[in-house]
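Here is the structure we will look at, set down as structure tokens.
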Amino acid sequence: NDGAEDHWFMPSEGYPVLAWQTRHTGLTGIPDVTALAPEQAQARLELAGFDLGGIDYDYFAEKETCYLDATRRYCETFCPRGRVAHVSSAGYIIPGTPVRIAVSLGPYDFAANAGDGSEARPFQIETAGQIDGLRVRPDLWNRHFVLAADIDLTHRIYRRAVIDWFEGTFDGKGHCIRGMVIQRPEPVPGPVGLFGAIAEGAVVRNLTLQGAALDSQGDRSFDAMGLLAGENHGHVERCLVSGRIGVDGGRVGGLAGLNTGQVLDSQARGATWASRDDVGGLVGDNQGPIQGCCARQVDVYGYSRVGGLAGSNHGDLARIQACYAQGTVQASYYPAGGLLGENGAGVSVQLTRFEAGEVRDCYAACSVVARTGAGGCIGHAYPFTSQTGCFFLAAESGGGPDNGLGMPLTPAQMTQQTSFVGWDFENTWTICEGRDYPRLRWEPVECEGER
């Protein structure tokens with residue numbers, strides 16, 4: 001020992017062990033009881049000197065689930081019913097250290113739920129096991145659900161969307177789902193998020209995702225990925241997400257990768273890094289209305305069409321109104337904008353009308369970097385698109401460059417209501433005059449001196 005006491009650990013009995021072994025997760029020092037019946041596992045552990053005092057029962061899906069693409073068959077194998085599914089411990093077991101044993105009880109039986117899935121009596125979700133139970137019940141994905149408690153998914157790692165295609169209503173009731181982790185070690189078909197896709201007519205509201213993570217490898221550039229939803233074709237309202245995304249692919253957003261539905265009064269925080277196009281702090285590829293939303297403390301990186309709030313905005317329904325972004329934006333190619341990477345336009349598929357994106361009453365306070373085509377508010381805009389009432393923090397104050405798509409403001413001007421001409425500060429916006437940039441009225445903001 002060199003005196004630092006950070007290399008070795010001396011147990012009360014036996015020889016020294018390396019200090020990292022007391023922090024390493026694994027089964028070292030514990031008999032392998034995975035897949036044993038609980039009684040057998042308990043007996044084996046007690047024989048090895050562990051005083052259990054009971055087994056912590058939890059849910060793990062009981063069967064192998066498979067899904068297909070054109071060339072491969074993907075499967076996930078879970079512990080069978082009534083068997084030990086997981087043991088958590090340190091690498092070296094110090095006497096008295098708790099050992100957590102999770103036992104599979106099989107899929108959750110929704111017939112025993114307090115609700116029946118109707119609009120009047122929605123299913124009540126209050127445990128991680130019930131989330132996993134819903135995951136293997138696609139026949140229920142068109143029903144009504146409410147969260148009855150905060151849920152911790154920290155000890156689970158998913159390989160695809162938790163719920164693939166949701167067609168019902170999911171009301172979080174202000175509760176939080178923490179620690180969701182989705183890791184795709186190889187390309188897997190389909191959009192990815194808590195919900196792979198929120199279908200047209202479906203509703204997700206009043207839900208918080210905290211500390212979520214999404215990682216993937218392998219180029220799936222046409223898939224959509226977001227913490228809440230890979231694709232939103234329905235209605236999302238008052239949803240808050242925070243976490244990180246690091247993926248190979250495009251159409252990636254902190255909240256949703258692709259939006260053709262509505263996103264209202266929602267927020268995203270965290271890092272969103274992707275290797276391809278259409279990357280945004282809130283939405284990657286936007287083709288629908290986004291209103292009253294923000295991307296705060298975001299770090300957004302992509303190849304092309306990268307924005308603090310949205311990567312691209314195009315289509316006859318594409319409208320971003322009363323939104324803002326704060327953070328950093330970088331495109332390895334072009335374009336990149338503090339709020340929006342590209343405001344697009346084009347002829348409809350039926351060749352019957354011209355479709356152009358619209359941006360109104362928004363601001364950005366983001367540093368912006370791109371090889372070319374960087375803008376403080378919008379990186380690039382096609383002819384016939386509309387951008388009105390857009391402001392951004394000037395480049396010399398840490399914002400993005402002025403490319404004529406928006407009005408640059410100094411930090412002092414950004415804290416003055418009079419700078420934002422035409423904005424609705426009665427119903428939509430609020431500002432702590434002289435102290436903070438504008439915030440949305442639904443955000444919990446209290447100015448100094450207010451009660």
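Each chain of the structure tokens is named A, B, ... in the order shown, its residues numbered from 1; ligands are numbered from 1 in display order.
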
Contacts of range 423-431 of chain A within 8 Å, only C-alpha atoms, excl. fewer than 6 positions in-chain, as a ChimeraX atom specification: /A:292,322,361,389,415-417,437-441

Among range 165-412 of chain A, which residues carry a DSSP assignment of helix (DSSP H, G or I), reported as a compact mmCIF listing (two decimals) with N, CA and C atoms, in the first residue's frame?
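Saved file result_24.txt follows:
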```txt
# COMPACT_ATOMS: atom_id res chain seq x y z
N ALA A 395 -23.94 36.79 -31.71
CA ALA A 395 -22.74 35.95 -31.72
C ALA A 395 -21.67 36.48 -30.76
N GLU A 396 -21.51 37.79 -30.69
CA GLU A 396 -20.47 38.35 -29.82
C GLU A 396 -20.79 38.15 -28.34
N SER A 397 -22.01 37.72 -28.05
CA SER A 397 -22.40 37.44 -26.66
C SER A 397 -22.54 35.95 -26.40
N PRO A 411 -27.36 40.48 -24.52
CA PRO A 411 -27.91 39.87 -23.31
C PRO A 411 -28.86 40.79 -22.56
N ALA A 412 -28.55 42.08 -22.50
CA ALA A 412 -29.45 43.02 -21.82
C ALA A 412 -30.78 43.12 -22.54
```

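Rounded to one decimal, CA of Arg238 in chain A and CA of Ser266 in chain A lie 4.7 Å from each other.
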
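Across the model, the gap from CA of His380 in chain A to CA of Leu340 in chain A is 8.4 Å.
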
Tell me, in Å to one decimal, how far CA of Leu405 in chain A is from CA of Glu443 in chain A. 27.0 Å

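Minimum atom-to-atom distances from A:Cys362, A:Ala202, A:Ala394, A:Ile290 to Ala325 in chain A were compared using only C-alpha atoms, and the lowest value belongs to A:Cys362.
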
Between A:Asp109, A:Glu231, A:Asp171, A:Glu342, which one has atoms that come closest to Gly311 in chain A, using only C-alpha atoms? A:Glu342

Non-local contacts of Leu207 in chain A (9 Å; only C-alpha atoms; under 2 positions in same chain excluded) as a ChimeraX atom specification: /A:147,170-177,204-205,209,237-241

Could you please take those selected residues and save N, CA and C atoms as a short mmCIF file (atom, residue, chain, number, x, y, z; two decimals), in the first residue's frame?
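Saved to part-v9.cif:
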```
data_model
loop_
_atom_site.label_atom_id
_atom_site.label_comp_id
_atom_site.auth_asym_id
_atom_site.auth_seq_id
_atom_site.Cartn_x
_atom_site.Cartn_y
_atom_site.Cartn_z
N LEU A 147 -50.53 6.87 -14.79
CA LEU A 147 -49.52 6.55 -13.79
C LEU A 147 -50.07 6.92 -12.42
N PHE A 170 -52.20 7.80 -22.49
CA PHE A 170 -51.30 7.55 -21.37
C PHE A 170 -51.14 8.86 -20.63
N ASP A 171 -51.73 8.96 -19.45
CA ASP A 171 -51.69 10.18 -18.65
C ASP A 171 -50.76 9.95 -17.46
N GLY A 172 -49.64 10.67 -17.45
CA GLY A 172 -48.68 10.51 -16.37
C GLY A 172 -49.12 11.11 -15.06
N LYS A 173 -50.14 11.96 -15.08
CA LYS A 173 -50.66 12.60 -13.87
C LYS A 173 -49.56 13.32 -13.09
N GLY A 174 -48.55 13.82 -13.81
CA GLY A 174 -47.46 14.53 -13.17
C GLY A 174 -46.39 13.64 -12.58
N HIS A 175 -46.52 12.34 -12.72
CA HIS A 175 -45.53 11.41 -12.17
C HIS A 175 -44.33 11.25 -13.11
N CYS A 176 -43.30 10.61 -12.58
CA CYS A 176 -42.01 10.51 -13.27
C CYS A 176 -41.62 9.06 -13.49
N ILE A 177 -41.09 8.77 -14.66
CA ILE A 177 -40.43 7.49 -14.93
C ILE A 177 -38.93 7.77 -15.00
N VAL A 204 -50.47 11.25 -25.24
CA VAL A 204 -49.55 11.08 -24.11
C VAL A 204 -49.40 12.44 -23.46
N ARG A 205 -49.68 12.54 -22.16
CA ARG A 205 -49.66 13.84 -21.51
C ARG A 205 -49.22 13.71 -20.05
N LEU A 209 -40.02 12.09 -17.99
CA LEU A 209 -38.95 11.09 -18.09
C LEU A 209 -37.68 11.74 -17.57
N GLU A 237 -48.60 16.37 -24.84
CA GLU A 237 -48.82 17.63 -24.13
C GLU A 237 -48.29 17.53 -22.71
N ARG A 238 -47.62 18.60 -22.28
CA ARG A 238 -47.08 18.72 -20.92
C ARG A 238 -46.21 17.51 -20.55
N CYS A 239 -45.29 17.18 -21.44
CA CYS A 239 -44.33 16.12 -21.18
C CYS A 239 -42.93 16.71 -21.05
N LEU A 240 -42.19 16.28 -20.05
CA LEU A 240 -40.84 16.77 -19.78
C LEU A 240 -39.88 15.59 -19.85
N VAL A 241 -38.81 15.74 -20.62
CA VAL A 241 -37.82 14.67 -20.72
C VAL A 241 -36.43 15.22 -20.44
#
```

If we count only C-alpha atoms, what is near Leu134 in chain A at a cut-off of 9 Å, once residues fewer than 5 positions away on the same chain are taken out, given as a PyMOL selection string? chain A and resi 107-108+110+129+140-141+162-163

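Between Gly280 in chain A and the residues A:Cys293, A:Cys447, A:Ala318, A:Val329, the shortest atom-to-atom distance, using only C-alpha atoms, involves A:Val329.
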
Residue neighbourhood range 330-332 of chain A, 12 Å, only C-alpha atoms, exclusion window fewer than 3 positions, as a VMD selection string: chain A and resid 271 to 281 298 to 308 311 327 335 to 342 366 to 376 379 400

Okay, now the selection with C-alpha atoms, as a CSV table (one decimal), in the first residue's frame?
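again-v8.csv was written with the following content:
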```
chain,number,residue,atom,x,y,z
A,271,ALA,CA,-27.5,15.8,-24.8
A,272,THR,CA,-28.6,14.6,-28.3
A,273,TRP,CA,-25.8,13.3,-30.5
A,274,ALA,CA,-26.4,11.6,-33.8
A,275,SER,CA,-24.3,10.7,-36.8
A,276,ARG,CA,-26.8,11.7,-39.5
A,277,ASP,CA,-29.4,14.3,-40.5
A,278,ASP,CA,-32.4,16.0,-38.8
A,279,VAL,CA,-31.2,16.2,-35.2
A,280,GLY,CA,-32.9,18.5,-32.6
A,281,GLY,CA,-33.0,19.1,-28.9
A,298,VAL,CA,-29.3,21.1,-24.5
A,299,ASP,CA,-26.1,19.9,-26.3
A,300,VAL,CA,-27.1,18.9,-29.9
A,301,TYR,CA,-24.8,17.4,-32.5
A,302,GLY,CA,-25.5,16.0,-35.9
A,303,TYR,CA,-24.3,15.9,-39.5
A,304,SER,CA,-26.9,18.1,-41.3
A,305,ARG,CA,-30.1,20.0,-40.4
A,306,VAL,CA,-29.3,20.4,-36.7
A,307,GLY,CA,-31.1,22.7,-34.4
A,308,GLY,CA,-31.5,23.5,-30.7
A,311,GLY,CA,-33.5,19.8,-36.9
A,327,GLY,CA,-27.6,25.4,-25.2
A,335,PRO,CA,-27.0,23.8,-41.8
A,336,ALA,CA,-27.3,24.4,-38.1
A,337,GLY,CA,-29.5,26.9,-36.2
A,338,GLY,CA,-29.9,27.9,-32.6
A,339,LEU,CA,-33.6,27.1,-32.8
A,340,LEU,CA,-34.0,25.3,-36.1
A,341,GLY,CA,-31.6,23.8,-38.6
A,342,GLU,CA,-33.7,24.2,-41.7
A,366,CYS,CA,-27.4,28.9,-28.3
A,367,SER,CA,-23.8,28.8,-29.6
A,368,VAL,CA,-23.9,27.5,-33.1
A,369,VAL,CA,-21.2,25.9,-35.2
A,370,ALA,CA,-21.3,24.4,-38.7
A,371,ARG,CA,-19.0,23.9,-41.6
A,372,THR,CA,-21.3,26.3,-43.5
A,373,GLY,CA,-24.8,27.6,-43.1
A,374,ALA,CA,-24.9,28.5,-39.4
A,375,GLY,CA,-27.5,30.8,-38.0
A,376,GLY,CA,-28.4,32.2,-34.6
A,379,GLY,CA,-29.6,27.8,-40.2
A,400,GLY,CA,-25.0,32.2,-33.2
```
